[in-house]
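Asker: I have a structure here, written as structure tokens, and I will follow up with some questions on it.
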Amino acid sequence: MLLKNRLSHWLLAAAIVTATPALAQKQTAPSDSAVIKQFYDNALTSTKSYEDLRYLTKNIGARLSGSPQAAAAVEWGKQVMDKMGLDRVYVQEVMVPHWVRGDKEIGRILSGQVGSTDVNIAALGSSVGTGETGLTAEVIEVHNFEELEKLGKKKVKGKIVFFNRAFDNTHVHTMNSYRDAVDQRGGGPVAAAKLGAVAVLVRSMANEIQEVPHTGNTRYQDGVDKIPAAAISTKGAEILSKQLKNDPNLKFYMRMTSENLPEVLSYNVIGEIKGTEKPDEIIVVGGHLDSWDLGEGAHDDGTGVVQSMEVLRLFKELGIKPKRTIRAVLFMNEENGLRGGRKYAEEAKAKGEKHIAAIESDAGGFTPRGFGIDGNDAQYAKTLTWKSLLAPYGLHELTRGGGGADIGPLKGQGTVALIGFKPDSQRYFDYHHTDIDTFETVNRREMQLGAASMASLVYLISQYGL
Ligand SMILES: [Zn+2]
């Protein structure tokens with residue numbers, strides 16, 4: 001019985017070796033699909049990254065550049081990675097803007113016909129305040145810069161310019177709706193001030209009609225008056241637009257006490273696993289540590305931060321040694337300056353580092369759909385050869401073009417491919433830059449799937465280059 005068993009085992013083993021030599025070989029090193037399965041199995045059954053996100057959002061909270069919370073987030077990020085047993089954890093000094101919102105803003109429509117109506121507004125990042133007493137002026141509604149130009153100084157001077165171009169909801173990818181509307185927020189104050197406007201209201205960047213205003217950064221220009229600028233909720237924008245149709249001479253009262261303070265020293269936080277075969281070839285995976293001061297910065301970009309660190313944890317925990325070097329970078333100041341991203345690229349250049357790929361997660365912690373690849377034809381073609389390994393996990397969209405704000409400054413350093421992690425985009429602009437971007441809105445499994453997706457792509461690039 002025993003002998004017969006042994007014999008049949010031997011025969012079976014011999015049969016496998018002769019019939020499928022490839023399979024026998026793979027028993028020494030796990031196949032790519034087996035490694036990817038390990039990433040997903042571990043990510044989906046570990047609560048580490050979710051608990052990290054809870055700490056970052058609930059215990060530290062909103063963390064705008066220059067704030068004490070941003071400083072706490074730097075300490076925390078470093079401590080989390082210090083405990084992971086990585087080859088190296090370090091910080092990179094960077095000077096950042098320090099803007100503060102001040103009191104909760106007041107926005108009020110003053111109509112001779114229907115009385116006063118309060119609407120929700122939020123100062124745009126970098127905006128000057130209105131002064132303690134606030135300001136009152138007539139409102140002129142426009143939808144784009146051409147319309148504003150045509151009105152000219154005569155019709156704009158002394159007024160509040162109200163930019164009310166809505167999101168185009170026919171875009172399937174909401175990032176495209178954002179792209180087509182966000183110029184109002186960034187460029188509104190300069191264009192309006194050139195024509196003598198006293199302030200700017202910008203319709204919030206959102207797909208839905210909501211009470212909550214969406215902040216975001218705006219810009220000034222040397223030699224042009226700096227006028228206060230606020231986001232008005234989409235609901236408020238609808239109300240204001242409707243009232244203006246019946247009562248074009250209505251007035252708007254706004255009060256905000258935001259201001260720009262002196263710059264502050266802050267840091268990017270970086271963790272690294274050295275490559276075993278080509279340590280000089282670097283793959284970055286990152287998100288941004290700062291967030292707007294409203295809400296908790298959960299989807300923007302707490303999830304990107306914990307997912308990036310989770311990629312390193314998965315390699316360590318599973319004992320997978322990458323052939324090339326992997327770095328998780330927690331960038332500082334993406335929201336109102338991009339100083340961290342610029343600093344990282346500057347130092348990489350100065351040290352002559354060779355980055356072959358950089359992946360950014362900054363589009364929310366939602367169900368993964370794929371990656372957007374900004375690279376040359378050969379790099380894109382190579383990622384397509386991995387399609388069959390990624391598709392079983394719902395990663396069907398491997399599209400051209402992508403990247404992310406923080407990794408953008410690396411562009412042009414050698415042949416680095418810039419890759420944007422693409423989660424489902426339908427709910428992102430419900431929360432983006434608002435006080436409802438909180439921990440509770442993040443689904444644990446969706447976020448974990450994102451981390452495993454990033455780890456899988458990082459692994460393939462670390463094995464085969466790009
Ligand atoms: Zn972001």
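Labels used: A, B, ... for chains in the order of the structure tokens, numbers from 1 for residues in each chain, and numbers from 1 for ligands as shown.
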Taking the DSSP secondary structure from the backbone, can you list the residues of stretch 213-425 of chain A that are helix (DSSP H, G or I), as a ChimeraX atom specification?
Answerer: /A:234-246,298-318,339-350,377-384,387-393,408-410
Asker: Restricting it to C-alpha atoms, dump the selection as an mmCIF file, in the first residue's frame.
Answerer:
data_model
loop_
_atom_site.group_PDB
_atom_site.id
_atom_site.type_symbol
_atom_site.label_atom_id
_atom_site.label_comp_id
_atom_site.auth_asym_id
_atom_site.auth_seq_id
_atom_site.Cartn_x
_atom_site.Cartn_y
_atom_site.Cartn_z
ATOM 1 C CA THR A 234 -24.481 74.709 -6.349
ATOM 2 C CA LYS A 235 -27.837 75.150 -4.571
ATOM 3 C CA GLY A 236 -26.919 78.739 -3.694
ATOM 4 C CA ALA A 237 -25.783 79.341 -7.266
ATOM 5 C CA GLU A 238 -29.158 78.153 -8.595
ATOM 6 C CA ILE A 239 -31.033 80.422 -6.185
ATOM 7 C CA LEU A 240 -28.852 83.454 -6.929
ATOM 8 C CA SER A 241 -29.158 82.949 -10.688
ATOM 9 C CA LYS A 242 -32.937 82.648 -10.465
ATOM 10 C CA GLN A 243 -33.314 85.745 -8.302
ATOM 11 C CA LEU A 244 -31.030 87.741 -10.625
ATOM 12 C CA LYS A 245 -33.389 87.042 -13.539
ATOM 13 C CA ASN A 246 -36.261 88.751 -11.730
ATOM 14 C CA ALA A 298 -10.544 61.428 3.518
ATOM 15 C CA HIS A 299 -10.941 60.847 -0.232
ATOM 16 C CA ASP A 300 -8.694 63.832 -0.973
ATOM 17 C CA ASP A 301 -6.219 62.484 -0.313
ATOM 18 C CA GLY A 302 -6.161 60.407 2.868
ATOM 19 C CA THR A 303 -6.913 57.289 0.857
ATOM 20 C CA GLY A 304 -4.019 57.988 -1.545
ATOM 21 C CA VAL A 305 -1.667 58.346 1.422
ATOM 22 C CA VAL A 306 -2.635 55.114 3.164
ATOM 23 C CA GLN A 307 -2.806 53.183 -0.120
ATOM 24 C CA SER A 308 0.751 54.250 -0.980
ATOM 25 C CA MET A 309 2.049 53.079 2.387
ATOM 26 C CA GLU A 310 -0.023 49.902 2.049
ATOM 27 C CA VAL A 311 1.861 49.051 -1.152
ATOM 28 C CA LEU A 312 5.110 48.922 0.848
ATOM 29 C CA ARG A 313 3.461 46.978 3.672
ATOM 30 C CA LEU A 314 2.208 44.340 1.214
ATOM 31 C CA PHE A 315 5.705 43.764 -0.206
ATOM 32 C CA LYS A 316 7.219 43.546 3.300
ATOM 33 C CA GLU A 317 4.542 41.365 4.799
ATOM 34 C CA LEU A 318 4.471 38.906 1.910
ATOM 35 C CA ARG A 339 5.681 72.753 -3.408
ATOM 36 C CA GLY A 340 6.190 69.141 -2.300
ATOM 37 C CA GLY A 341 5.894 67.708 -5.802
ATOM 38 C CA ARG A 342 8.255 70.318 -7.186
ATOM 39 C CA LYS A 343 10.765 69.773 -4.411
ATOM 40 C CA TYR A 344 10.760 66.003 -4.904
ATOM 41 C CA ALA A 345 11.443 66.376 -8.630
ATOM 42 C CA GLU A 346 14.145 69.006 -8.007
ATOM 43 C CA GLU A 347 16.035 66.762 -5.603
ATOM 44 C CA ALA A 348 15.665 63.744 -7.868
ATOM 45 C CA LYS A 349 17.245 65.746 -10.663
ATOM 46 C CA ALA A 350 20.009 67.160 -8.468
ATOM 47 C CA ASP A 377 4.462 54.168 -27.125
ATOM 48 C CA ALA A 378 6.706 51.364 -25.888
ATOM 49 C CA GLN A 379 5.804 51.996 -22.242
ATOM 50 C CA TYR A 380 2.115 52.043 -23.015
ATOM 51 C CA ALA A 381 2.393 48.874 -25.117
ATOM 52 C CA LYS A 382 4.192 47.140 -22.250
ATOM 53 C CA THR A 383 1.455 47.954 -19.743
ATOM 54 C CA LEU A 384 -1.090 46.530 -22.198
ATOM 55 C CA LYS A 387 -3.953 43.453 -19.143
ATOM 56 C CA SER A 388 -4.871 39.786 -18.632
ATOM 57 C CA LEU A 389 -3.230 39.834 -15.166
ATOM 58 C CA LEU A 390 -5.113 42.964 -14.064
ATOM 59 C CA ALA A 391 -8.521 42.455 -15.681
ATOM 60 C CA PRO A 392 -9.698 39.762 -13.208
ATOM 61 C CA TYR A 393 -9.584 42.481 -10.536
ATOM 62 C CA GLY A 408 3.846 65.980 -12.761
ATOM 63 C CA PRO A 409 7.124 67.838 -12.073
ATOM 64 C CA LEU A 410 9.066 64.580 -12.713
#
Asker: At a cut-off of 7 Å around ligand 1, and using only C-alpha atoms and all ligand atoms, what residues come up? Please write them as a PyMOL selection string.
Answerer: chain A and resi 288+300-301+334-335+362-363
Asker: Could those selected residues go to a file with N, CA, C and O atoms, as a PDB file, in the first residue's frame?
Answerer:
ATOM      1  N   HIS A 288      -1.031  62.778  -1.618  1.00  0.00           N
ATOM      2  CA  HIS A 288      -0.607  63.987  -0.880  1.00  0.00           C
ATOM      3  C   HIS A 288      -1.146  64.022   0.545  1.00  0.00           C
ATOM      4  O   HIS A 288      -2.293  63.712   0.804  1.00  0.00           O
ATOM      5  N   ASP A 300      -9.701  62.921  -0.398  1.00  0.00           N
ATOM      6  CA  ASP A 300      -8.694  63.832  -0.973  1.00  0.00           C
ATOM      7  C   ASP A 300      -7.777  64.329   0.131  1.00  0.00           C
ATOM      8  O   ASP A 300      -8.030  65.348   0.728  1.00  0.00           O
ATOM      9  N   ASP A 301      -6.682  63.659   0.384  1.00  0.00           N
ATOM     10  CA  ASP A 301      -6.219  62.484  -0.313  1.00  0.00           C
ATOM     11  C   ASP A 301      -5.756  61.449   0.709  1.00  0.00           C
ATOM     12  O   ASP A 301      -4.780  60.744   0.497  1.00  0.00           O
ATOM     13  N   GLU A 334      -0.005  69.724  -2.050  1.00  0.00           N
ATOM     14  CA  GLU A 334      -0.582  69.596  -3.392  1.00  0.00           C
ATOM     15  C   GLU A 334      -1.678  70.630  -3.610  1.00  0.00           C
ATOM     16  O   GLU A 334      -1.819  71.184  -4.693  1.00  0.00           O
ATOM     17  N   GLU A 335      -2.471  70.879  -2.572  1.00  0.00           N
ATOM     18  CA  GLU A 335      -3.705  71.666  -2.756  1.00  0.00           C
ATOM     19  C   GLU A 335      -3.482  73.136  -3.079  1.00  0.00           C
ATOM     20  O   GLU A 335      -4.221  73.712  -3.863  1.00  0.00           O
ATOM     21  N   ASP A 362      -4.819  60.031  -6.376  1.00  0.00           N
ATOM     22  CA  ASP A 362      -5.390  61.301  -5.906  1.00  0.00           C
ATOM     23  C   ASP A 362      -6.725  61.543  -6.597  1.00  0.00           C
ATOM     24  O   ASP A 362      -7.008  62.634  -7.076  1.00  0.00           O
ATOM     25  N   ALA A 363      -7.545  60.503  -6.665  1.00  0.00           N
ATOM     26  CA  ALA A 363      -8.850  60.653  -7.305  1.00  0.00           C
ATOM     27  C   ALA A 363      -9.929  59.985  -6.454  1.00  0.00           C
ATOM     28  O   ALA A 363     -10.999  59.640  -6.936  1.00  0.00           O
TER      29      ALA A 363
END
Asker: Counting only C-alpha atoms, what is within 6 Å of A:Val198, bar same-chain residues fewer than 5 positions away, as a PyMOL selection string?
Answerer: chain A and resi 158-160+227
Asker: Find the spatial neighbours of stretch 99-103 of chain A, counting only C-alpha atoms, within a cut-off of 9 Å - ignore same-chain residues fewer than 2 positions away - and output them as a ChimeraX atom specification.
Answerer: /A:64-67,97,105-106,122-127,129,255-263,293,336
Asker: Compile the contact shell of A:Phe429 as a ChimeraX atom specification: residues with an atom at most 8 Å away, counting only C-alpha atoms, same-chain residues fewer than 4 positions apart removed.
Answerer: /A:174,205-207,425
Asker: From a DSSP pass on the backbone, collect the residues of stretch 72-219 of chain A flagged as strand (DSSP E) and hand them back as JSON, numbers by chain.
Answerer: {"A": [88, 89, 90, 91, 92, 93, 94, 95, 96, 97, 98, 99, 100, 106, 107, 108, 109, 110, 111, 115, 116, 117, 118, 119, 121, 122, 123, 135, 136, 137, 138, 139, 140, 141, 142, 160, 161, 162, 163, 199, 200, 201, 202, 203]}
Asker: For A:Asn249, find every residue with an atom within 8 Å (counting only C-alpha atoms), except residues of its own chain fewer than 4 positions away, and show them as a list of chain:residue names.
Answerer: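 Final neighbour list, sorted by chain and number: A:Ser111, A:Glu138, A:Val139, A:Leu244.
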Asker: Determine, counting only C-alpha atoms, which protein, DNA and RNA residues have an atom within 9 Å of an atom of A:Glu277; residues of the same chain fewer than 2 positions away are not included. Present the result as a PDB file with C-alpha atoms, in the first residue's frame.
Answerer:
ATOM      1  CA  GLY A 275      15.564  46.806  -5.358  1.00  0.00           C
ATOM      2  CA  PRO A 279      18.328  49.411  -7.086  1.00  0.00           C
ATOM      3  CA  ASP A 280      19.089  52.547  -9.112  1.00  0.00           C
ATOM      4  CA  PRO A 322      11.253  43.871  -5.740  1.00  0.00           C
ATOM      5  CA  LYS A 323      14.018  43.856  -8.353  1.00  0.00           C
ATOM      6  CA  ARG A 324      13.799  47.633  -8.613  1.00  0.00           C
ATOM      7  CA  THR A 325      13.537  50.229  -5.817  1.00  0.00           C
TER       8      THR A 325
END
Asker: Counting only C-alpha atoms, figure out which residue out of A:Gly403, A:Gly412, A:Gly271, A:Gly287 gets nearest to A:Gly365.
Answerer: A:Gly287
Asker: May I ask which of the residues A:Ser266, A:Ser462, A:Thr218, A:Ser291 is the closest one to A:Ile60, counting only C-alpha atoms?
Answerer: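 Checking each of A:Ser266, A:Ser462, A:Thr218, A:Ser291 against A:Ile60, counting only C-alpha atoms, the winner is A:Ser291.
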Asker: Measuring atom to atom with only C-alpha atoms, identify which of A:Arg203, A:Lys251, A:Lys58, A:Lys104 is nearest to A:Ile140.
Answerer: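 Counting only C-alpha atoms, the residue closest to A:Ile140 is A:Lys251.
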